[in-house]
file target37.pdb (PDB, C-alpha atoms and all ligand atoms)
ATOM      1  CA  MET Z1138       0.000   0.000   0.000
ATOM      2  CA  SER Z1139       2.745   2.443   0.816
ATOM      3  CA  SER Z1140       6.060   2.808  -0.843
ATOM      4  CA  ASN Z1141       8.639   5.298   0.242
ATOM      5  CA  MET Z1142      12.267   6.135  -0.042
ATOM      6  CA  THR Z1143      12.852   7.524   3.421
ATOM      7  CA  GLN Z1144      11.823   4.709   5.725
ATOM      8  CA  PRO Z1145       9.033   2.163   5.867
ATOM      9  CA  ILE Z1146       6.284   3.020   8.316
ATOM     10  CA  ASP Z1147       3.108   1.267   9.312
ATOM     11  CA  LEU Z1148       0.394   3.710   8.302
ATOM     12  CA  ARG Z1149      -2.184   2.048  10.525
ATOM     13  CA  GLU Z1150      -0.054   1.564  13.620
ATOM     14  CA  LEU Z1151       2.660   4.151  13.805
ATOM     15  CA  ASP Z1152       4.454   5.023  17.042
ATOM     16  CA  LEU Z1153       3.836   8.719  16.514
ATOM     17  CA  PHE Z1154       5.765   9.750  19.634
ATOM     18  CA  ALA Z1155       8.905   7.971  18.466
ATOM     19  CA  PHE Z1156       8.375   9.226  14.913
ATOM     20  CA  CYS Z1157       8.391  12.831  16.143
ATOM     21  CA  ARG Z1158      11.164  12.424  18.727
ATOM     22  CA  LYS Z1159      13.487  10.910  16.133
ATOM     23  CA  GLY Z1160      12.659  13.608  13.631
ATOM     24  CA  SER Z1161      11.588  10.909  11.181
ATOM     25  CA  SER Z1162       9.990  11.538   7.849
ATOM     26  CA  ALA Z1163       8.141   9.374   5.400
ATOM     27  CA  THR Z1164       6.625   9.793   1.998
ATOM     28  CA  GLY Z1165       4.446   7.404   0.071
ATOM     29  CA  GLN Z1166       1.101   6.759  -1.499
ATOM     30  CA  VAL Z1167      -2.273   5.574  -0.262
ATOM     31  CA  ALA Z1168      -4.991   4.288  -2.553
ATOM     32  CA  VAL Z1169      -8.491   5.729  -2.425
ATOM     33  CA  ARG Z1170      -9.766   2.165  -1.825
ATOM     34  CA  ASP Z1171      -8.027   2.233   1.582
ATOM     35  CA  LEU Z1172      -9.894   5.390   2.611
ATOM     36  CA  PRO Z1173     -13.539   4.399   3.157
ATOM     37  CA  ARG Z1174     -14.750   7.911   3.937
ATOM     38  CA  ILE Z1175     -13.252   9.188   0.673
ATOM     39  CA  LEU Z1176     -14.835   6.301  -1.208
ATOM     40  CA  ALA Z1177     -18.166   7.343   0.318
ATOM     41  CA  GLU Z1178     -17.690  10.872  -1.081
ATOM     42  CA  THR Z1179     -16.648   9.624  -4.505
ATOM     43  CA  ALA Z1180     -19.144  10.395  -7.263
ATOM     44  CA  ALA Z1181     -21.204   7.414  -8.407
ATOM     45  CA  GLN Z1182     -20.305   8.247 -12.000
ATOM     46  CA  ALA Z1183     -16.578   8.463 -11.332
ATOM     47  CA  PRO Z1184     -14.375   6.387 -13.637
ATOM     48  CA  ALA Z1185     -14.138   2.732 -12.594
ATOM     49  CA  SER Z1186     -10.461   3.343 -11.861
ATOM     50  CA  ALA Z1187     -11.219   5.968  -9.172
ATOM     51  CA  PRO Z1188     -10.621   3.609  -6.192
ATOM     52  CA  ASP Z1189      -7.186   2.800  -7.639
ATOM     53  CA  GLU Z1190      -6.139   6.426  -7.719
ATOM     54  CA  VAL Z1191      -3.653   7.411  -5.048
ATOM     55  CA  PHE Z1192      -2.894  10.250  -2.715
ATOM     56  CA  THR Z1193       0.737  11.098  -2.195
ATOM     57  CA  TYR Z1194       1.632  12.012   1.366
ATOM     58  CA  THR Z1195       4.672  13.380   3.123
ATOM     59  CA  ALA Z1196       4.897  13.224   6.904
ATOM     60  CA  ALA Z1197       7.662  14.758   8.975
ATOM     61  CA  GLY Z1198       8.020  14.589  12.739
ATOM     62  CA  SER Z1199      10.020  16.901  14.950
ATOM     63  CA  ALA Z1200      10.643  17.610  18.622
ATOM     64  CA  HIS Z1201      11.491  20.911  20.266
ATOM     65  CA  GLU Z1202      12.777  21.490  23.784
ATOM     66  CA  GLU Z1203      11.140  24.531  25.296
ATOM     67  CA  ALA Z1204      10.804  26.123  28.698
ATOM     68  CA  THR Z1205       7.106  26.776  29.243
ATOM     69  CA  GLU Z1206       8.016  29.835  31.323
ATOM     70  CA  PRO Z1207      11.332  31.432  32.336
ATOM     71  CA  GLY Z1208      13.159  29.249  34.847
ATOM     72  CA  ALA Z1209      10.815  26.284  34.335
ATOM     73  CA  PRO Z1210      12.287  22.920  33.381
ATOM     74  CA  MET Z1211      12.546  22.254  29.674
ATOM     75  CA  ALA Z1212       9.578  20.459  28.195
ATOM     76  CA  GLN Z1213       9.521  18.573  24.948
ATOM     77  CA  ARG Z1214       6.914  19.517  22.368
ATOM     78  CA  LEU Z1215       6.265  17.160  19.465
ATOM     79  CA  PHE Z1216       5.149  18.243  16.023
ATOM     80  CA  LEU Z1217       3.958  16.530  12.883
ATOM     81  CA  GLU Z1218       3.771  18.049   9.451
ATOM     82  CA  LEU Z1219       1.578  16.324   6.928
ATOM     83  CA  ALA Z1220       1.071  17.161   3.255
ATOM     84  CA  VAL Z1221      -1.364  15.251   1.042
ATOM     85  CA  ASN Z1222      -1.855  15.604  -2.699
ATOM     86  CA  GLY Z1223      -4.249  13.891  -5.049
ATOM     87  CA  GLN Z1224      -7.778  14.219  -6.321
ATOM     88  CA  VAL Z1225     -11.304  13.161  -5.423
ATOM     89  CA  TRP Z1226     -14.109  12.534  -7.908
ATOM     90  CA  LEU Z1227     -17.116  14.624  -6.893
ATOM     91  CA  ASP Z1228     -20.501  15.474  -8.412
ATOM     92  CA  CYS Z1229     -20.577  18.997  -9.799
ATOM     93  CA  GLN Z1230     -23.544  20.788  -8.233
ATOM     94  CA  ARG Z1231     -23.974  22.963 -11.316
ATOM     95  CA  CYS Z1232     -23.997  20.448 -14.180
ATOM     96  CA  LEU Z1233     -24.277  17.213 -12.112
ATOM     97  CA  ALA Z1234     -21.382  15.559 -13.946
ATOM     98  CA  ALA Z1235     -18.564  13.846 -12.064
ATOM     99  CA  TYR Z1236     -15.278  15.733 -12.060
ATOM    100  CA  ALA Z1237     -11.915  15.371 -10.364
ATOM    101  CA  GLU Z1238     -11.428  17.895  -7.573
ATOM    102  CA  PRO Z1239      -7.706  18.439  -6.982
ATOM    103  CA  VAL Z1240      -6.588  18.139  -3.363
ATOM    104  CA  ALA Z1241      -3.393  19.729  -2.137
ATOM    105  CA  THR Z1242      -3.361  20.193   1.597
ATOM    106  CA  SER Z1243      -0.716  20.573   4.235
ATOM    107  CA  MET Z1244      -1.054  20.983   7.965
ATOM    108  CA  ARG Z1245       1.098  21.203  11.045
ATOM    109  CA  PHE Z1246       0.039  19.436  14.225
ATOM    110  CA  GLU Z1247       1.228  19.527  17.788
ATOM    111  CA  VAL Z1248       1.179  15.987  19.119
ATOM    112  CA  PHE Z1249      -0.077  15.630  22.692
ATOM    113  CA  SER Z1250       0.209  12.648  25.025
ATOM    114  CA  SER Z1251      -3.558  12.142  25.349
ATOM    115  CA  GLU Z1252      -6.951  13.251  24.020
ATOM    116  CA  GLU Z1253      -7.452  15.245  27.243
ATOM    117  CA  ALA Z1254      -4.191  17.124  26.779
ATOM    118  CA  ALA Z1255      -4.972  17.807  23.113
ATOM    119  CA  ASP Z1256      -8.467  19.075  23.991
ATOM    120  CA  ALA Z1257      -7.059  21.341  26.707
ATOM    121  CA  ALA Z1258      -4.393  22.822  24.449
ATOM    122  CA  PRO Z1259      -4.917  26.528  23.766
ATOM    123  CA  MET Z1260      -4.905  26.344  19.981
ATOM    124  CA  ASP Z1261      -5.212  29.946  18.878
ATOM    125  CA  ASP Z1262      -2.909  29.394  15.933
ATOM    126  CA  ASP Z1263      -4.820  28.519  12.746
ATOM    127  CA  ALA Z1264      -1.693  27.013  11.257
ATOM    128  CA  LEU Z1265      -1.315  24.492  14.086
ATOM    129  CA  ASP Z1266      -3.820  21.859  15.121
ATOM    130  CA  ALA Z1267      -3.769  19.720  18.272
ATOM    131  CA  ILE Z1268      -3.918  15.946  18.006
ATOM    132  CA  ALA Z1269      -3.505  13.149  20.496
ATOM    133  CA  GLY Z1270      -0.560  10.922  19.720
ATOM    134  CA  SER Z1271      -0.439   7.192  20.211
ATOM    135  CA  LYS Z1272       2.033   4.360  19.957
ATOM    136  CA  ARG Z1273      -0.366   2.829  17.459
ATOM    137  CA  PHE Z1274      -1.418   5.949  15.613
ATOM    138  CA  SER Z1275      -3.340   5.678  12.356
ATOM    139  CA  LEU Z1276      -1.673   8.079   9.966
ATOM    140  CA  LEU Z1277      -4.078   6.684   7.385
ATOM    141  CA  GLU Z1278      -7.042   8.175   9.260
ATOM    142  CA  LEU Z1279      -5.301  11.509   9.650
ATOM    143  CA  ILE Z1280      -4.597  11.567   5.901
ATOM    144  CA  GLU Z1281      -8.266  10.808   5.298
ATOM    145  CA  ASP Z1282      -9.340  13.575   7.731
ATOM    146  CA  GLU Z1283      -7.182  16.111   5.952
ATOM    147  CA  VAL Z1284      -8.508  15.166   2.512
ATOM    148  CA  LEU Z1285     -12.109  15.441   3.751
ATOM    149  CA  LEU Z1286     -11.420  18.865   5.266
ATOM    150  CA  ALA Z1287      -9.920  20.002   1.966
ATOM    151  CA  LEU Z1288     -13.029  19.120  -0.041
ATOM    152  CA  PRO Z1289     -15.336  21.962  -1.097
ATOM    153  CA  THR Z1290     -18.762  22.153   0.572
ATOM    154  CA  ALA Z1291     -20.309  23.014  -2.790
ATOM    155  CA  PRO Z1292     -18.308  21.052  -5.364
ATOM    156  CA  LYS Z1293     -18.342  22.551  -8.848
ATOM    157  CA  HIS Z1294     -16.302  22.511 -12.018
ATOM    158  CA  ALA Z1295     -14.269  25.691 -12.337
ATOM    159  CA  VAL Z1296     -15.934  25.905 -15.755
ATOM    160  CA  CYS Z1297     -18.586  23.349 -16.581
ATOM    161  CA  PRO Z1298     -18.129  21.537 -19.867
ATOM    162  CA  THR Z1299     -20.742  22.373 -22.470
ATOM    163  CA  VAL Z1300     -23.619  20.009 -21.939
ATOM    164  CA  HIS Z1301     -25.664  18.935 -24.909
ATOM    165  CA  GLU Z1302     -29.219  20.184 -24.516
ATOM    166  CA  SER Z1303     -30.679  16.708 -25.050
ATOM    167  CA  LEU Z1304     -28.775  15.522 -21.969
ATOM    168  CA  VAL Z1305     -29.968  18.384 -19.796
ATOM    169  CA  THR Z1306     -33.611  18.056 -20.771
ATOM    170  CA  GLY Z1307     -33.379  14.301 -21.362
ATOM    171  CA  ALA Z1308     -35.214  12.272 -18.714
ATOM    172  CA  ASP Z1309     -38.101  14.395 -17.506
ATOM    173  CA  GLY Z1310     -37.695  17.427 -19.721
ATOM    174  CA  GLU Z1311     -37.010  19.673 -16.749
ATOM    175  CA  VAL Z1312     -34.001  21.841 -16.298
ATOM    176  CA  GLU Z1313     -32.846  22.787 -12.819
ATOM    177  CA  PRO Z1314     -33.295  26.513 -12.317
ATOM    178  CA  GLU Z1315     -29.931  28.063 -11.698
ATOM    179  CA  ALA Z1316     -28.747  31.429 -10.456
ATOM    180  CA  ALA Z1317     -26.980  33.572 -13.028
ATOM    181  CA  PRO Z1318     -23.212  33.271 -12.587
ATOM    182  CA  GLU Z1319     -22.735  37.011 -11.860
ATOM    183  CA  GLU Z1320     -25.401  36.897  -9.178
ATOM    184  CA  GLU Z1321     -23.845  33.824  -7.638
ATOM    185  CA  GLU Z1322     -20.445  35.437  -7.316
ATOM    186  CA  LYS Z1323     -21.835  38.490  -5.547
ATOM    187  CA  ARG Z1324     -23.192  36.453  -2.671
ATOM    188  CA  PRO Z1325     -20.528  34.385  -0.922
ATOM    189  CA  SER Z1326     -22.144  31.277   0.505
ATOM    190  CA  PRO Z1327     -21.971  30.893   4.294
ATOM    191  CA  PHE Z1328     -20.858  27.325   3.624
ATOM    192  CA  ALA Z1329     -17.933  28.538   1.564
ATOM    193  CA  ALA Z1330     -16.856  30.727   4.462
ATOM    194  CA  LEU Z1331     -17.177  27.777   6.809
ATOM    195  CA  ALA Z1332     -15.178  25.599   4.444
ATOM    196  CA  GLY Z1333     -12.502  28.281   4.460
ATOM    197  CA  LEU Z1334     -12.286  28.042   8.242
ATOM    198  CA  LYS Z1335     -12.292  24.292   8.280
ATOM    199  CA  THR Z1336      -9.585  23.913   5.680
ATOM    200  CA  ARG Z1337      -7.416  26.361   7.629
ATOM    201  CA  HIS Z1338      -5.548  27.739   4.636
TER     202      HIS Z1338
HETATM  203 ZN    ZN K   1     -20.044  21.179 -13.787
END
call {"tool": "encode", "arguments": {"input": "target37.pdb", "output": "structure tokens", "more": "lines below"}}
Ligand SMILES: [Zn+2]
result
Amino acid sequence: MSSNMTQPIDLRELDLFAFCRKGSSATGQVAVRDLPRILAETAAQAPASAPDEVFTYTAAGSAHEEATEPGAPMAQRLFLELAVNGQVWLDCQRCLAAYAEPVATSMRFEVFSSEEAADAAPMDDDALDAIAGSKRFSLLELIEDEVLLALPTAPKHAVCPTVHESLVTGADGEVEPEAAPEEEEKRPSPFAALAGLKTRH
């Protein structure tokens, strides 16, 4: 499932603490078929090869010694950087055809010793997210999380391909009413704003 040049890691059971402490890094690929929540989002009319498509990931761990306050003993903070690139087949909400939405996401995480510690962390930095580490951490699930967060709430072609009129009016002869493009651009959707927050770019 994964192939990488740096070092082999178990994507489903990674000792994330050791990975960060050693400053390890790994790069490889995961297939869409190994990401059930992405499969669930995949357009029904996606090409049959869609589950075989892959995401490329790069993960890099690091550890920093820091005094939490002047004079306090040094504490070790662990960090994980994760970048994921690939594409997901989605249904265009404008023309209803399946299209490949490119995904290019990267995020930096601070790795805490427990869920409680991660929840309690004062995360006021949008560029840093708190996660609970584990000796059997699923990097696969984190990759899947990041891809899902990167997906648009209202998926659409940048420019829809020209659709033959017979296809649009085909089955029941009805055409979905649609807002004029200019009008649509004037009103930013609240969901788009939310997606912007969630993707943290
Ligand atoms: Zn479209």
call {"tool": "closest_residue", "arguments": {"input": "target37.pdb", "among": "Z:Asp1228, Z:Glu1150, Z:Asp1171, Z:Glu1218", "to": "Pro1292 in chain Z", "atoms": "all atoms listed in the file"}}
result
Z:Asp1228
call {"tool": "closest_atom_pairs", "arguments": {"input": "target37.pdb", "of": "chain Z", "to": "ligand ZN 1 (chain K)", "cutoff": "10 Å", "atoms": "all atoms listed in the file", "output": "tab-separated table"}}
result
residue	atom	partner	partner_atom	distance
Z:Leu1227	CA	K:ZN1	ZN	10.0
Z:Asp1228	CA	K:ZN1	ZN	7.9
Z:Cys1229	CA	K:ZN1	ZN	4.6
Z:Gln1230	CA	K:ZN1	ZN	6.6
Z:Arg1231	CA	K:ZN1	ZN	5.0
Z:Cys1232	CA	K:ZN1	ZN	4.0
Z:Leu1233	CA	K:ZN1	ZN	6.0
Z:Ala1234	CA	K:ZN1	ZN	5.8
Z:Ala1235	CA	K:ZN1	ZN	7.7
Z:Tyr1236	CA	K:ZN1	ZN	7.4
Z:Pro1292	CA	K:ZN1	ZN	8.6
Z:Lys1293	CA	K:ZN1	ZN	5.4
Z:His1294	CA	K:ZN1	ZN	4.3
Z:Ala1295	CA	K:ZN1	ZN	7.5
Z:Val1296	CA	K:ZN1	ZN	6.6
Z:Cys1297	CA	K:ZN1	ZN	3.8
Z:Pro1298	CA	K:ZN1	ZN	6.4
Z:Thr1299	CA	K:ZN1	ZN	8.8
Z:Val1300	CA	K:ZN1	ZN	9.0
call {"tool": "atom_distance", "arguments": {"input": "target37.pdb", "atom1": "CA of Arg1273 in chain Z", "atom2": "CA of Ala1204 in chain Z"}}
result
28.2 Å
call {"tool": "resolve_selection", "arguments": {"input": "target37.pdb", "expression": "the PyMOL selection byres (((chain Z and resi 1197) around 9) and not hetatm)", "output": "JSON, numbers by chain"}}
result
{"Z": [1156, 1157, 1160, 1161, 1162, 1163, 1164, 1195, 1196, 1198, 1199, 1216, 1217, 1218, 1219]}
call {"tool": "resolve_selection", "arguments": {"input": "target37.pdb", "expression": "the PyMOL selection byres (((chain Z and resi 1194) around 7) and not hetatm)", "output": "list of chain:residue names"}}
result
Z:Thr1164, Z:Gly1165, Z:Gln1166, Z:Phe1192, Z:Thr1193, Z:Thr1195, Z:Ala1196, Z:Ala1220, Z:Val1221, Z:Asn1222
call {"tool": "build_atoms", "arguments": {"input": "target37.pdb", "residues": "range 1277-1301 of chain Z", "atoms": "N, CA, C and O atoms", "output": "PDB file, keeping the file's coordinate frame"}}
result
ATOM      1  N   LEU Z1277      -3.110   6.842   8.470  1.00  0.00           N
ATOM      2  CA  LEU Z1277      -4.078   6.684   7.385  1.00  0.00           C
ATOM      3  C   LEU Z1277      -5.346   7.505   7.665  1.00  0.00           C
ATOM      4  O   LEU Z1277      -5.865   8.193   6.788  1.00  0.00           O
ATOM      5  N   GLU Z1278      -5.829   7.429   8.912  1.00  0.00           N
ATOM      6  CA  GLU Z1278      -7.042   8.175   9.260  1.00  0.00           C
ATOM      7  C   GLU Z1278      -6.804   9.670   9.240  1.00  0.00           C
ATOM      8  O   GLU Z1278      -7.685  10.445   8.858  1.00  0.00           O
ATOM      9  N   LEU Z1279      -5.611  10.079   9.661  1.00  0.00           N
ATOM     10  CA  LEU Z1279      -5.301  11.509   9.650  1.00  0.00           C
ATOM     11  C   LEU Z1279      -5.236  12.011   8.200  1.00  0.00           C
ATOM     12  O   LEU Z1279      -5.725  13.102   7.889  1.00  0.00           O
ATOM     13  N   ILE Z1280      -4.648  11.212   7.327  1.00  0.00           N
ATOM     14  CA  ILE Z1280      -4.597  11.567   5.901  1.00  0.00           C
ATOM     15  C   ILE Z1280      -6.023  11.723   5.373  1.00  0.00           C
ATOM     16  O   ILE Z1280      -6.358  12.691   4.690  1.00  0.00           O
ATOM     17  N   GLU Z1281      -6.868  10.766   5.743  1.00  0.00           N
ATOM     18  CA  GLU Z1281      -8.266  10.808   5.298  1.00  0.00           C
ATOM     19  C   GLU Z1281      -8.973  12.056   5.840  1.00  0.00           C
ATOM     20  O   GLU Z1281      -9.701  12.744   5.113  1.00  0.00           O
ATOM     21  N   ASP Z1282      -8.754  12.366   7.125  1.00  0.00           N
ATOM     22  CA  ASP Z1282      -9.340  13.575   7.731  1.00  0.00           C
ATOM     23  C   ASP Z1282      -8.959  14.816   6.938  1.00  0.00           C
ATOM     24  O   ASP Z1282      -9.788  15.674   6.657  1.00  0.00           O
ATOM     25  N   GLU Z1283      -7.673  14.908   6.618  1.00  0.00           N
ATOM     26  CA  GLU Z1283      -7.182  16.111   5.952  1.00  0.00           C
ATOM     27  C   GLU Z1283      -7.757  16.243   4.552  1.00  0.00           C
ATOM     28  O   GLU Z1283      -8.065  17.343   4.102  1.00  0.00           O
ATOM     29  N   VAL Z1284      -7.908  15.121   3.849  1.00  0.00           N
ATOM     30  CA  VAL Z1284      -8.508  15.166   2.512  1.00  0.00           C
ATOM     31  C   VAL Z1284      -9.964  15.619   2.615  1.00  0.00           C
ATOM     32  O   VAL Z1284     -10.414  16.491   1.863  1.00  0.00           O
ATOM     33  N   LEU Z1285     -10.703  15.071   3.587  1.00  0.00           N
ATOM     34  CA  LEU Z1285     -12.109  15.441   3.751  1.00  0.00           C
ATOM     35  C   LEU Z1285     -12.247  16.929   4.058  1.00  0.00           C
ATOM     36  O   LEU Z1285     -13.131  17.609   3.538  1.00  0.00           O
ATOM     37  N   LEU Z1286     -11.367  17.444   4.919  1.00  0.00           N
ATOM     38  CA  LEU Z1286     -11.420  18.865   5.266  1.00  0.00           C
ATOM     39  C   LEU Z1286     -11.111  19.752   4.061  1.00  0.00           C
ATOM     40  O   LEU Z1286     -11.552  20.892   3.988  1.00  0.00           O
ATOM     41  N   ALA Z1287     -10.333  19.211   3.132  1.00  0.00           N
ATOM     42  CA  ALA Z1287      -9.920  20.002   1.966  1.00  0.00           C
ATOM     43  C   ALA Z1287     -10.996  20.034   0.883  1.00  0.00           C
ATOM     44  O   ALA Z1287     -10.906  20.827  -0.049  1.00  0.00           O
ATOM     45  N   LEU Z1288     -12.013  19.178   1.019  1.00  0.00           N
ATOM     46  CA  LEU Z1288     -13.029  19.120  -0.041  1.00  0.00           C
ATOM     47  C   LEU Z1288     -13.980  20.313   0.045  1.00  0.00           C
ATOM     48  O   LEU Z1288     -14.325  20.750   1.136  1.00  0.00           O
ATOM     49  N   PRO Z1289     -14.408  20.828  -1.109  1.00  0.00           N
ATOM     50  CA  PRO Z1289     -15.336  21.962  -1.097  1.00  0.00           C
ATOM     51  C   PRO Z1289     -16.714  21.538  -0.607  1.00  0.00           C
ATOM     52  O   PRO Z1289     -17.142  20.406  -0.855  1.00  0.00           O
ATOM     53  N   THR Z1290     -17.408  22.441   0.102  1.00  0.00           N
ATOM     54  CA  THR Z1290     -18.762  22.153   0.572  1.00  0.00           C
ATOM     55  C   THR Z1290     -19.733  22.135  -0.602  1.00  0.00           C
ATOM     56  O   THR Z1290     -20.719  21.408  -0.590  1.00  0.00           O
ATOM     57  N   ALA Z1291     -19.459  22.976  -1.600  1.00  0.00           N
ATOM     58  CA  ALA Z1291     -20.309  23.014  -2.790  1.00  0.00           C
ATOM     59  C   ALA Z1291     -19.425  22.709  -4.001  1.00  0.00           C
ATOM     60  O   ALA Z1291     -18.912  23.611  -4.652  1.00  0.00           O
ATOM     61  N   PRO Z1292     -19.221  21.412  -4.274  1.00  0.00           N
ATOM     62  CA  PRO Z1292     -18.308  21.052  -5.364  1.00  0.00           C
ATOM     63  C   PRO Z1292     -18.836  21.494  -6.724  1.00  0.00           C
ATOM     64  O   PRO Z1292     -20.020  21.323  -7.016  1.00  0.00           O
ATOM     65  N   LYS Z1293     -17.969  22.085  -7.511  1.00  0.00           N
ATOM     66  CA  LYS Z1293     -18.342  22.551  -8.848  1.00  0.00           C
ATOM     67  C   LYS Z1293     -17.122  22.545  -9.743  1.00  0.00           C
ATOM     68  O   LYS Z1293     -16.018  22.834  -9.274  1.00  0.00           O
ATOM     69  N   HIS Z1294     -17.330  22.265 -11.020  1.00  0.00           N
ATOM     70  CA  HIS Z1294     -16.302  22.511 -12.018  1.00  0.00           C
ATOM     71  C   HIS Z1294     -15.891  23.991 -11.925  1.00  0.00           C
ATOM     72  O   HIS Z1294     -16.741  24.832 -11.664  1.00  0.00           O
ATOM     73  N   ALA Z1295     -14.660  24.292 -12.188  1.00  0.00           N
ATOM     74  CA  ALA Z1295     -14.269  25.691 -12.337  1.00  0.00           C
ATOM     75  C   ALA Z1295     -15.067  26.272 -13.502  1.00  0.00           C
ATOM     76  O   ALA Z1295     -15.657  27.346 -13.402  1.00  0.00           O
ATOM     77  N   VAL Z1296     -15.094  25.558 -14.601  1.00  0.00           N
ATOM     78  CA  VAL Z1296     -15.934  25.905 -15.755  1.00  0.00           C
ATOM     79  C   VAL Z1296     -16.600  24.609 -16.202  1.00  0.00           C
ATOM     80  O   VAL Z1296     -15.908  23.643 -16.536  1.00  0.00           O
ATOM     81  N   CYS Z1297     -17.908  24.583 -16.179  1.00  0.00           N
ATOM     82  CA  CYS Z1297     -18.586  23.349 -16.581  1.00  0.00           C
ATOM     83  C   CYS Z1297     -18.406  23.114 -18.074  1.00  0.00           C
ATOM     84  O   CYS Z1297     -18.426  24.053 -18.859  1.00  0.00           O
ATOM     85  N   PRO Z1298     -18.208  21.838 -18.441  1.00  0.00           N
ATOM     86  CA  PRO Z1298     -18.129  21.537 -19.867  1.00  0.00           C
ATOM     87  C   PRO Z1298     -19.487  21.822 -20.498  1.00  0.00           C
ATOM     88  O   PRO Z1298     -20.514  21.777 -19.832  1.00  0.00           O
ATOM     89  N   THR Z1299     -19.481  22.120 -21.779  1.00  0.00           N
ATOM     90  CA  THR Z1299     -20.742  22.373 -22.470  1.00  0.00           C
ATOM     91  C   THR Z1299     -21.556  21.088 -22.469  1.00  0.00           C
ATOM     92  O   THR Z1299     -21.058  20.026 -22.845  1.00  0.00           O
ATOM     93  N   VAL Z1300     -22.772  21.197 -22.008  1.00  0.00           N
ATOM     94  CA  VAL Z1300     -23.619  20.009 -21.939  1.00  0.00           C
ATOM     95  C   VAL Z1300     -24.621  20.074 -23.078  1.00  0.00           C
ATOM     96  O   VAL Z1300     -25.265  21.101 -23.302  1.00  0.00           O
ATOM     97  N   HIS Z1301     -24.725  18.979 -23.792  1.00  0.00           N
ATOM     98  CA  HIS Z1301     -25.664  18.935 -24.909  1.00  0.00           C
ATOM     99  C   HIS Z1301     -27.080  19.070 -24.362  1.00  0.00           C
ATOM    100  O   HIS Z1301     -27.430  18.457 -23.358  1.00  0.00           O
TER     101      HIS Z1301
END
